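Working notes for the structure below.
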Amino acid sequence: MSETDPDAAGFLTERFVDNLPGLAYRCAPEPPWEMAFVGGEVRGLTGYPASAFEDGEVHYGDLVVEADRGTLERELAASIEADRQFTTTYRIETRGGESKHVFERGKPVTDADGDVVALEGLVLDITQRKRYEQTLERQNDLFAYTQDVANVGGWTFDTETGTLRWTEQVKRIFGVSPAFEPTLEAALDRFHPSDRETVETAIERAIDEADPYDIECRIVTADDEVRWVRTKGVPQVIDGEVVALRGAIQDVTDRRERERSLRDERAFREGLYEALPDLLYAFDEEGTLTRWNAKLEAVTGYTSEDIESMAPVEFVAPADRDAVREHIRRVFETGESIQIRAQLRTNEGETIPYEFTGALMHHDDGTHRELVGVGRDVSARLERQRRFEAVFNNTYQFTGLLNPDGTIIELNEASLQFMGADRSAVVGTPLWDALDFPDEADRRSMLAGYERVLGGQPYRDELAVQGADGQSVIDFSIRPITNDDGELTFLVPEGRDITAFKERERLVRVLHRLLRHNIRNDLNVIRGYADTLSDGLTDEDTVEYAAKIDAAAENLLSTSEKAKQMVDLILHPTAGDDTLTLGRAVQAIAERFRERYPDASIVTAVEDSVVVAADDRLSIALAQLVENGLEHNTAATPRVDLRVSERDGRARLEVADNGVGISPDEWKMVTEEVRKEPSQVRHGSGMGLLLTRWIVDEFDGRLSYATDESNGSVVAVRLPTA
């Protein structure tokens, strides 16, 4: 970095602090932490000017929220005790009554004796995550010092008589009474043990060699207070001999303390620049970089010599340079602050997304201006944003974000697709107006739920909502989001389409009723015939009844097996992308039933090229239709015809038989009660048909029934082809 004038460097250092976000401070180590110096965005953070803290009108500790003050005091006490750096977060209340969360990082400052005399650090506002949107407030005369050149006293020492005389001011400096009569030994005892030998040596040389002295050292006052003094001694020589020493002593404690504070402050600022996780830089109107922190070198890979010869835009990817040049021009022409996102380019050609914030800094002469800025790596933030958007917009769950007044801030893609709406059309609209409720009761439920959420309680209900593709049942909920103060900040609505689930629920209820009814009837048959057998009937009758008992039991077993298959399908669906060659499946089913029913006629007429989007579960449904056509067939020669064809992208399977047909109650149970609440008066025993209907529906198929010319039945299945 090029050398600069010390005064200009100090000025530049002050301006850097003025342009930092947050509050930089030096304060007393005990509550209420009185400020010795405070800089940065003081008013923006607290609502008070810096002078209010420096003049003691306001104590920073009084701004700390009562609930957090005890914890903060303990943390700072532990840091002071261990003499280590501290970081902490807590809340403050601003002048306007606003509650803010702040992050503080600091360290204890010790004197030469190891005593903690101050705390230094940085306080950042972490309530709002806006990065340097306005020029940081600059404050004038942040490190203005006033001093009074006083406390200067004179003294003489007669080398012949050993008499030491002090003026009244010297006595006040040493803290002794006006009546105190000093001696050389007593005076030397007042100097700090670490400095006493230096003073003694200087006095001896002045007496023996007529060598004047001017030194700064410490004294210990009568009140045991350690203070710095400047003491001068000039020998008075007569005839080549030192006959007396005359001198002055000045209390320079304030100056020494100011100098030490300035050194500490300079070191603090330099340390702060280097400790910041961001790039820190300044350049003039000619584009010459005048100051930067080590972070710029570390991130870009350029050396200090490289940076001195580079223009600011050379650190930016070529695609972003014109935009950056325009922002720099605006800063120097209008004085406005800038914030721009651009790709930082390293010396290896790597690009990193950065957010640059800068403001104009004027020097006192009014002729020299510089742009002071901060660059922050936002790659992690952008990556988090991309991940959030990926999750938010790639879920089947309906999710959104609302203002506390219920207006929509954002909806994910699943929600918009379900509604068939454009994002711009629904943002800013109350949620209950954006959704289409076929039943007004559901809309009232949501409004009541919204009021419940405003009271801090979550809301959840099942609502019927009209979507772009039809009406659906939505498992809908709204949850409140609050800040650390318990204030409601956002509402999160969520929804899940449970239409299919509700249909399964109804089907399970139908299944339960059927099982309960059929098993009860069959058991009544068993009990009735068992009672008859027990009444002592003839053997012939007993054989007949036993046969009927066996038939009823067999029917019960068959029903139970089909019910089990249905329950398995309901509770364990296996959605997938499988395909099934329909003709091959039909041929396999026909062959199986030919073996079971050798006296029956099973005829197939299939198109082998028909492939449907289904899996082996479809074979279960087809087998039920074939079994239904054979098992209940009373014809002399039972016959089932299986026909497979394809028309207009839909596969058609027909199962025709010459049996007695399907009773109206059985078919109504399959076509109506599956989709409606089950009737308590209509009872069917067609478990196989019910199972078939459910499987066909799973594959987006359609099931129909008709009676053919021979009074048999024709069940047709239509399925989408793969």
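Ordering of the structure tokens sets the chain letters (A, B, ...); residue numbers start at 1 within each chain; ligands are numbered from 1 in the order shown.
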
*DSSP on the backbone: what in range 185-336 of chain A comes out helix (DSSP H, G or I), as a PyMOL selection string?*
chain A and resi 185-189+193-209+253-275+294-300+304-308+312-315+318-334

Fewer than 6 positions away in the same chain doesn't count, so skip those; otherwise give me all residues within 12 Å of Gly701 in chain A, counting only C-alpha atoms, as a PDB file with N, CA and C atoms, in the first residue's frame.
ATOM      1  N   VAL A 612     -51.110 -51.542 -21.809  1.00  0.00           N
ATOM      2  CA  VAL A 612     -51.770 -50.557 -20.943  1.00  0.00           C
ATOM      3  C   VAL A 612     -50.835 -50.133 -19.820  1.00  0.00           C
ATOM      4  N   ALA A 613     -51.111 -48.949 -19.274  1.00  0.00           N
ATOM      5  CA  ALA A 613     -50.334 -48.429 -18.144  1.00  0.00           C
ATOM      6  C   ALA A 613     -50.887 -49.013 -16.856  1.00  0.00           C
ATOM      7  N   ALA A 614     -50.425 -50.217 -16.514  1.00  0.00           N
ATOM      8  CA  ALA A 614     -50.923 -50.917 -15.327  1.00  0.00           C
ATOM      9  C   ALA A 614     -49.867 -51.933 -14.919  1.00  0.00           C
ATOM     10  N   LEU A 618     -53.873 -55.564 -12.175  1.00  0.00           N
ATOM     11  CA  LEU A 618     -54.975 -55.619 -13.131  1.00  0.00           C
ATOM     12  C   LEU A 618     -55.391 -57.063 -13.397  1.00  0.00           C
ATOM     13  N   ALA A 621     -58.084 -58.107 -11.047  1.00  0.00           N
ATOM     14  CA  ALA A 621     -59.415 -57.627 -11.422  1.00  0.00           C
ATOM     15  C   ALA A 621     -60.007 -58.466 -12.550  1.00  0.00           C
ATOM     16  N   ARG A 650     -57.350 -45.987 -26.428  1.00  0.00           N
ATOM     17  CA  ARG A 650     -57.902 -46.630 -25.231  1.00  0.00           C
ATOM     18  C   ARG A 650     -58.021 -48.131 -25.498  1.00  0.00           C
ATOM     19  N   ALA A 651     -57.589 -48.901 -24.507  1.00  0.00           N
ATOM     20  CA  ALA A 651     -57.741 -50.357 -24.598  1.00  0.00           C
ATOM     21  C   ALA A 651     -59.124 -50.746 -24.086  1.00  0.00           C
ATOM     22  N   ARG A 652     -59.715 -51.773 -24.722  1.00  0.00           N
ATOM     23  CA  ARG A 652     -61.045 -52.239 -24.295  1.00  0.00           C
ATOM     24  C   ARG A 652     -60.978 -53.745 -24.085  1.00  0.00           C
ATOM     25  N   LEU A 653     -61.388 -54.159 -22.909  1.00  0.00           N
ATOM     26  CA  LEU A 653     -61.479 -55.579 -22.574  1.00  0.00           C
ATOM     27  C   LEU A 653     -62.935 -55.884 -22.259  1.00  0.00           C
ATOM     28  N   THR A 692     -62.723 -55.411  -8.269  1.00  0.00           N
ATOM     29  CA  THR A 692     -62.419 -55.085  -9.662  1.00  0.00           C
ATOM     30  C   THR A 692     -62.555 -53.589  -9.918  1.00  0.00           C
ATOM     31  N   ARG A 693     -63.638 -53.020  -9.423  1.00  0.00           N
ATOM     32  CA  ARG A 693     -63.878 -51.585  -9.632  1.00  0.00           C
ATOM     33  C   ARG A 693     -62.730 -50.757  -9.047  1.00  0.00           C
ATOM     34  N   TRP A 694     -62.305 -51.122  -7.882  1.00  0.00           N
ATOM     35  CA  TRP A 694     -61.252 -50.344  -7.225  1.00  0.00           C
ATOM     36  C   TRP A 694     -59.933 -50.418  -8.000  1.00  0.00           C
ATOM     37  N   ILE A 695     -59.587 -51.616  -8.471  1.00  0.00           N
ATOM     38  CA  ILE A 695     -58.335 -51.778  -9.214  1.00  0.00           C
ATOM     39  C   ILE A 695     -58.398 -51.012 -10.532  1.00  0.00           C
ATOM     40  N   ALA A 716     -67.362 -54.476 -19.416  1.00  0.00           N
ATOM     41  CA  ALA A 716     -66.320 -53.881 -20.248  1.00  0.00           C
ATOM     42  C   ALA A 716     -65.383 -53.034 -19.390  1.00  0.00           C
ATOM     43  N   VAL A 717     -64.103 -53.166 -19.659  1.00  0.00           N
ATOM     44  CA  VAL A 717     -63.077 -52.378 -18.972  1.00  0.00           C
ATOM     45  C   VAL A 717     -62.346 -51.548 -20.012  1.00  0.00           C
ATOM     46  N   ARG A 718     -62.304 -50.221 -19.809  1.00  0.00           N
ATOM     47  CA  ARG A 718     -61.556 -49.332 -20.702  1.00  0.00           C
ATOM     48  C   ARG A 718     -60.374 -48.747 -19.934  1.00  0.00           C
ATOM     49  N   LEU A 719     -59.195 -48.802 -20.563  1.00  0.00           N
ATOM     50  CA  LEU A 719     -57.959 -48.368 -19.909  1.00  0.00           C
ATOM     51  C   LEU A 719     -57.121 -47.534 -20.866  1.00  0.00           C
ATOM     52  N   PRO A 720     -56.382 -46.552 -20.358  1.00  0.00           N
ATOM     53  CA  PRO A 720     -55.466 -45.810 -21.237  1.00  0.00           C
ATOM     54  C   PRO A 720     -54.299 -46.701 -21.648  1.00  0.00           C
ATOM     55  N   THR A 721     -53.910 -46.580 -22.901  1.00  0.00           N
ATOM     56  CA  THR A 721     -52.777 -47.371 -23.377  1.00  0.00           C
ATOM     57  C   THR A 721     -51.467 -46.697 -22.967  1.00  0.00           C
TER      58      THR A 721
END

*Which residues, written as a ChimeraX atom specification, have at least one atom at most 8 Å from range 246-258 of chain A, with only C-alpha atoms counted and residues fewer than 5 positions away on the same chain left out?*
/A:147,150-157,170,173,227-236

*Could you jot down the CA of Val176 in chain A to CA of Asp224 in chain A separation for me, Å, one decimal place?*
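That distance, rounded to one decimal, is 11.2 Å.
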
*Determine, counting only C-alpha atoms, which protein, DNA and RNA residues have an atom within 10 Å of an atom of range 428-441 of chain A; residues of the same chain fewer than 6 positions away are not included. Present the result as an MDAnalysis selection string.*
chainID A and resid 400:403 405:410 419 421 447 450 463:468 471 493

Using the selection just defined, write its residues with N, CA, C and O atoms as a compact mmCIF listing (two decimals), in the first residue's frame.
# COMPACT_ATOMS: atom_id res chain seq x y z
N GLY A 400 -47.44 -21.77 1.02
CA GLY A 400 -47.40 -20.34 0.72
C GLY A 400 -46.97 -19.53 1.92
O GLY A 400 -46.59 -20.07 2.97
N LEU A 401 -46.99 -18.22 1.75
CA LEU A 401 -46.62 -17.29 2.81
C LEU A 401 -47.59 -16.12 2.76
O LEU A 401 -47.85 -15.57 1.68
N LEU A 402 -48.13 -15.77 3.93
CA LEU A 402 -49.12 -14.69 4.01
C LEU A 402 -48.64 -13.60 4.94
O LEU A 402 -47.89 -13.84 5.89
N ASN A 403 -49.11 -12.38 4.68
CA ASN A 403 -48.98 -11.31 5.66
C ASN A 403 -49.95 -11.58 6.80
O ASN A 403 -50.92 -12.34 6.64
N ASP A 405 -52.32 -9.89 7.70
CA ASP A 405 -53.69 -9.55 7.31
C ASP A 405 -54.31 -10.57 6.37
O ASP A 405 -55.44 -10.40 5.91
N GLY A 406 -53.57 -11.66 6.08
CA GLY A 406 -54.11 -12.74 5.26
C GLY A 406 -53.84 -12.61 3.78
O GLY A 406 -54.22 -13.50 3.01
N THR A 407 -53.19 -11.52 3.35
CA THR A 407 -52.90 -11.36 1.93
C THR A 407 -51.71 -12.24 1.54
O THR A 407 -50.79 -12.45 2.32
N ILE A 408 -51.74 -12.70 0.31
CA ILE A 408 -50.74 -13.65 -0.18
C ILE A 408 -49.45 -12.92 -0.53
O ILE A 408 -49.46 -11.94 -1.28
N ILE A 409 -48.33 -13.41 0.03
CA ILE A 409 -47.00 -12.92 -0.35
C ILE A 409 -46.41 -13.82 -1.42
O ILE A 409 -45.83 -13.35 -2.39
N GLU A 410 -46.57 -15.12 -1.24
CA GLU A 410 -45.98 -16.07 -2.18
C GLU A 410 -46.74 -17.39 -2.10
O GLU A 410 -47.23 -17.78 -1.04
N MET A 419 -54.58 -24.32 -8.57
CA MET A 419 -55.57 -23.26 -8.72
C MET A 419 -55.74 -22.86 -10.18
O MET A 419 -56.76 -22.23 -10.54
N ALA A 421 -53.79 -20.64 -11.58
CA ALA A 421 -53.68 -19.19 -11.46
C ALA A 421 -52.25 -18.74 -11.76
O ALA A 421 -51.30 -19.50 -11.64
N LEU A 447 -62.09 -18.69 7.36
CA LEU A 447 -62.09 -17.37 8.00
C LEU A 447 -62.02 -17.51 9.52
O LEU A 447 -61.31 -16.77 10.20
N TYR A 450 -58.54 -18.48 10.39
CA TYR A 450 -57.63 -17.33 10.32
C TYR A 450 -57.68 -16.53 11.61
O TYR A 450 -56.65 -16.12 12.15
N LEU A 463 -61.12 -29.20 3.69
CA LEU A 463 -61.96 -28.27 2.95
C LEU A 463 -62.13 -28.76 1.52
O LEU A 463 -61.18 -29.27 0.90
N ALA A 464 -63.32 -28.57 0.98
CA ALA A 464 -63.57 -28.85 -0.44
C ALA A 464 -63.23 -27.60 -1.22
O ALA A 464 -63.76 -26.51 -0.97
N VAL A 465 -62.29 -27.72 -2.18
CA VAL A 465 -61.82 -26.57 -2.96
C VAL A 465 -61.91 -26.92 -4.44
O VAL A 465 -61.55 -28.03 -4.85
N GLN A 466 -62.39 -25.95 -5.22
CA GLN A 466 -62.46 -26.14 -6.66
C GLN A 466 -61.12 -25.77 -7.28
O GLN A 466 -60.66 -24.63 -7.18
N GLY A 467 -60.47 -26.75 -7.91
CA GLY A 467 -59.21 -26.50 -8.58
C GLY A 467 -59.39 -26.42 -10.08
O GLY A 467 -60.51 -26.51 -10.61
N ALA A 468 -58.26 -26.27 -10.76
CA ALA A 468 -58.32 -26.15 -12.22
C ALA A 468 -58.83 -27.43 -12.87
O ALA A 468 -59.46 -27.38 -13.93
N GLN A 471 -63.02 -30.52 -8.46
CA GLN A 471 -63.12 -30.31 -7.02
C GLN A 471 -62.29 -31.35 -6.28
O GLN A 471 -62.27 -32.52 -6.63
N PRO A 493 -49.66 -21.00 5.09
CA PRO A 493 -50.73 -21.94 4.73
C PRO A 493 -50.13 -23.16 4.04
O PRO A 493 -49.19 -23.05 3.25

*Taking the DSSP assignment computed from this structure's backbone, write out as a VMD selection string all residues of range 436-508 of chain A that belong to strand (DSSP E).*
chain A and resid 459 to 467 470 to 482 488 to 497

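Excluding range 370-374 of chain A and any residue on its chain fewer than 5 positions from it, the residues at most 7 Å away by only C-alpha atoms are Asp278, Leu279, Leu280, Tyr281, Ala282, Phe283, Asp284, Glu285, Phe356, Thr357, Gly358, Ala359, Leu360, Met361 and His362 of chain A.
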
*Identify which of the residues A:Val226, A:Ala210, A:Ala414, A:Ile219 lies closest to Val243 in chain A, counting only C-alpha atoms when measuring atom-to-atom distances.*
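Closest to Val243 in chain A of all the choices is A:Ala210.
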
*Smallest atom-to-atom distance to Val586 in chain A: which of A:Glu297, A:Asp616, A:Glu73, A:Glu355, using only C-alpha atoms?*
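Distance minimum relative to Val586 in chain A lands on A:Asp616.
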
*For range 630-643 of chain A, please output as a VMD selection string all residues within 12 Å (counting only C-alpha atoms; exclusion window: fewer than 3 positions along the same chain).*
chain A and resid 555 558 582 to 591 593 to 594 596 to 608 610 622 to 627 646 651 to 663 686 688 710 to 718

*Could you check how far CA of Tyr705 in chain A sits from CA of Arg592 in chain A, in Å to one decimal?*
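Value for the CA of Tyr705 in chain A-CA of Arg592 in chain A distance: 23.9 Å.
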
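Take CA of Val237 in chain A and CA of Pro212 in chain A: the distance between them is 11.3 Å.
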
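Closest approach to Ile340 in chain A from the set A:Glu308, A:Asp320, A:Asp442, A:Glu204 is made by A:Asp320, with distances taken over only C-alpha atoms.
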
*Counting only C-alpha atoms, the option among A:Tyr545, A:Phe476, A:Trp667, A:Tyr25 closest to Glu265 in chain A*: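 Ranked by minimum distance to Glu265 in chain A, first place goes to A:Tyr25.
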
*So which one's closest to Glu160 in chain A, A:Val199, A:Val242, A:Ala28, A:Thr300? Using only C-alpha atoms, please.*
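The answer is A:Val242, which sits nearest to Glu160 in chain A.
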
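Among the candidates A:Val64, A:Val116, A:Leu382, A:Ala448, the residue lying nearest to Glu81 in chain A is A:Val116 (atoms considered: only C-alpha atoms).
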